[in-house]
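Engineer: The structure's right below; bear with me while I get my questions together.
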Amino acid sequence: MLSARSAPVIRATLPIVGAAISEVTEVFYRRLFEEHPVLLRDLFNRGNQANGAQRQALAGSIAGFAGMLIERPGDRPDALLLRIAHKHASLGVTSEQYKLVHRHLFAAIVEVLGEDTVTAEVAEAWDEVYWLMANALIAVEARLYREARVAEGEVWRRMVVAERRSEARDAVSLTLRPADGGPTAPFRPGQYISVQVELPDGARQIRQYSLSSAPGRPHWRITVKRVADGDAPDGEVSSWLHAHARPGDVLTVSAPFGDLVLPPGDGPLLLASAGIGCTPMLSMLDQLAGTGSARPVAVVHADRSPADHAHREELRALVDRLPGATLRLWYETADSSSADLPDGALIGRADADALDLPDGVTAFMCGPLPFMRAFRGDLLRRGVPAGSIHYEVFGPDLWLGRD
């Protein structure tokens with residue numbers, strides 16, 4: 001909780017800092033990478049730095065956290081920051097790195113706003129905000145490391161590609177087994193791992209991929225969609241995996257993390273996905289089918305076309321194994337004619353109004369942000385409480401701080 005001394009200062013300066021926060025984060029990253037270029041090369045996503053998405057996510061998290069301290073002082077910060085903590089843990093972020101971020105972030109605030117605005121009183125108040133946020137993250141990340149049974153930051157292990165399969169146009173699955181011959185680590189259906197690859201320029205870039213099958217097996221599976229952006233950095237890792245990952249190759253991957261997970265119990269579920277966002281849903285469905293679950297499950301998937309729909313037949317087979325499950329498919333286009341559409345599939349945008357949503361349904365979404373924003377809005381309009389709608393973002397979370 002923010003101190004009584006700092007609260008009025010933050011309330012007074014939040015509009016000023018909030019208006020300049022995007023410029024502040026831009027200067028912050030410039031200063032950070034000038035002093036520590038290895039962080040851009042080996043830790044931060046170069047694509048998200050190039051397109052500004054990471055700056056937007058950082059700005060949103062800082063402004064959102066400060067606003068929460070002022071407007072909702074009784075809220076626990078864990079709820080707002082849990083997703084960030086999982087992402088940090090999957091990258092092996094350590095508590096010491098928060099000191100480095102603090103130094104460059106506050107230098108950026110002074111550079112952008114000027115010393116006349118950032119007085120000693122203002123600096124002290126925002127310093128308190130930063131360390132409230134940082135210490136909350138550090139505490140959650142420490143818990144995640146303990147649960148993963150690894151030391152702080154020591155999340156990496158070597159795994160062998162046991163099998164590679166084409167799952168759709170521009171999507172391949174990679175089955176992984178531990179290189180040391182040991183068992184796979186446990187995970188919860190819906191979680192992801194980070195994959196680190198060394199690129200031709202020597203950079204070790206990291207991306208996250210959902211585990212697309214159920215836990216408890218001697219192997220893991222990820223499904224990688226190639227991001228075809230030409231020479232842009234966004235597709236660096238996916239393109240490398242498509243071009244180079246073959247059976248027998250060894251990959252460096254993290255322990256599993258992620259907060260979009262299958263809930264226990266027998267309450268009704270809605271699993272809504274688009275594109276490669278189907279992967280965490282496959283893991284949940286695989287777990288439900290493997291345990292003989294009879295809980296009601298509405299499965300919704302949207303894609304460009306049937307040919308672009310990764311794991312299409314597997315999805316239908318899993319739904320068919322669940323007595324309480326239904327499947328609705330929407331595609332932007334058929335592959336050549338309406339005859340190419342799977343039975344029951346429709347052309348157009350996924351429509352929540354076409355679904356039977358029972359009371360108490362818990363919704364999970366994964367896919368491109370435009371799909372999730374539209375579908376979430378439809379669910380809210382249908383009366384599904386905001387607290388019952390959960391999501392996973394493949395990339396920086398630009399929803400942080402929003403209800």
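FYI, nothing fancy with the structure tokens labels: chains A, B, ... in order, residues from 1 per chain, ligands from 1 as they appear.
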Could you pull the residues within 8 Å of A:Leu137, counting only C-alpha atoms, minus those fewer than 5 positions along the same chain, as a ChimeraX atom specification?

Structural biologist: /A:78,81-82,84-85

Engineer: Pull N, CA and C atoms from the residues just selected and write them as a CSV table (one decimal), in the first residue's frame.

Structural biologist:
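result.csv written:
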```csv
chain,number,residue,atom,x,y,z
A,78,ASP,N,-0.7,-8.7,-6.7
A,78,ASP,CA,-0.4,-10.0,-7.4
A,78,ASP,C,-1.3,-10.2,-8.6
A,81,LEU,N,-0.1,-8.2,-11.6
A,81,LEU,CA,1.2,-8.5,-12.1
A,81,LEU,C,1.5,-10.0,-12.3
A,82,LEU,N,0.6,-10.9,-12.0
A,82,LEU,CA,0.9,-12.3,-12.1
A,82,LEU,C,1.3,-12.7,-13.5
A,84,ILE,N,2.9,-10.9,-15.7
A,84,ILE,CA,4.2,-10.4,-15.9
A,84,ILE,C,5.2,-11.3,-15.2
A,85,ALA,N,4.9,-11.7,-14.0
A,85,ALA,CA,5.8,-12.5,-13.2
A,85,ALA,C,6.0,-13.9,-13.9
```

Engineer: Check stretch 252-342 of chain A with DSSP on the backbone and list each residue it calls strand (DSSP E or B), as a list in words.

Structural biologist: Thr252, Val253, Ser254, Phe257, Leu269, Leu270, Leu271, Ala272, Ser273, Ala274, Val297, Ala298, Val299, Val300, His301, Ala302, Asp303, Ala325, Thr326, Leu327, Arg328, Leu329, Trp330 and Tyr331 of chain A

Engineer: Can I get the selected residues back with C-alpha atoms, as a compact mmCIF listing (two decimals), in the first residue's frame?

Structural biologist:
```
# COMPACT_ATOMS: atom_id res chain seq x y z
CA THR A 252 17.38 -24.96 -24.84
CA VAL A 253 13.98 -24.55 -23.17
CA SER A 254 12.68 -23.21 -19.87
CA PHE A 257 5.11 -21.19 -16.62
CA LEU A 269 -15.97 -23.94 -19.49
CA LEU A 270 -15.68 -21.90 -22.65
CA LEU A 271 -12.43 -22.35 -24.60
CA ALA A 272 -12.20 -19.72 -27.34
CA SER A 273 -9.18 -19.45 -29.63
CA ALA A 274 -8.05 -18.08 -32.96
CA VAL A 297 -17.13 -27.47 -22.39
CA ALA A 298 -17.95 -25.12 -25.27
CA VAL A 299 -15.03 -25.01 -27.73
CA VAL A 300 -14.80 -22.15 -30.21
CA HIS A 301 -12.08 -21.68 -32.80
CA ALA A 302 -11.62 -19.08 -35.54
CA ASP A 303 -9.01 -19.21 -38.30
CA ALA A 325 -18.26 -30.80 -25.15
CA THR A 326 -19.43 -28.91 -28.25
CA LEU A 327 -17.35 -27.44 -31.09
CA ARG A 328 -18.04 -24.35 -33.18
CA LEU A 329 -15.68 -23.32 -36.00
CA TRP A 330 -15.49 -20.10 -37.97
CA TYR A 331 -13.18 -19.37 -40.94
```

Engineer: Got a sec: who's within 12 Å of A:Ala307, counting only C-alpha atoms, leaving out chain neighbours fewer than 3 positions off, as a VMD selection string?

Structural biologist: chain A and resid 166 to 171 275 303 to 304 310 to 313 331 to 336 340 to 342

Engineer: Nearest to A:Ile193 among A:Arg207, A:Arg217, A:Arg376, A:Arg5, with distances taken over only C-alpha atoms: which residue is it?

Structural biologist: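 Among the listed residues, A:Arg207 lies closest to A:Ile193.
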
Engineer: Taking into account only C-alpha atoms, which residue in the set A:Ser90, A:Thr25, A:Thr13, A:Ser212 is nearest to A:Thr119?

Structural biologist: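 The closest residue to A:Thr119 is A:Thr13.
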
Engineer: Taking only C-alpha atoms into account, name the residue in A:Asp351, A:Glu96, A:Glu23, A:Asp308 that is nearest to A:Lys225.

Structural biologist: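 The closest residue to A:Lys225 is A:Asp308.
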
Engineer: Using only C-alpha atoms, which residue out of A:Ala151, A:Val160, A:Leu100, A:Ile21 lies closest to A:His36?

Structural biologist: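 Smallest separation from A:His36 among the options: A:Leu100.
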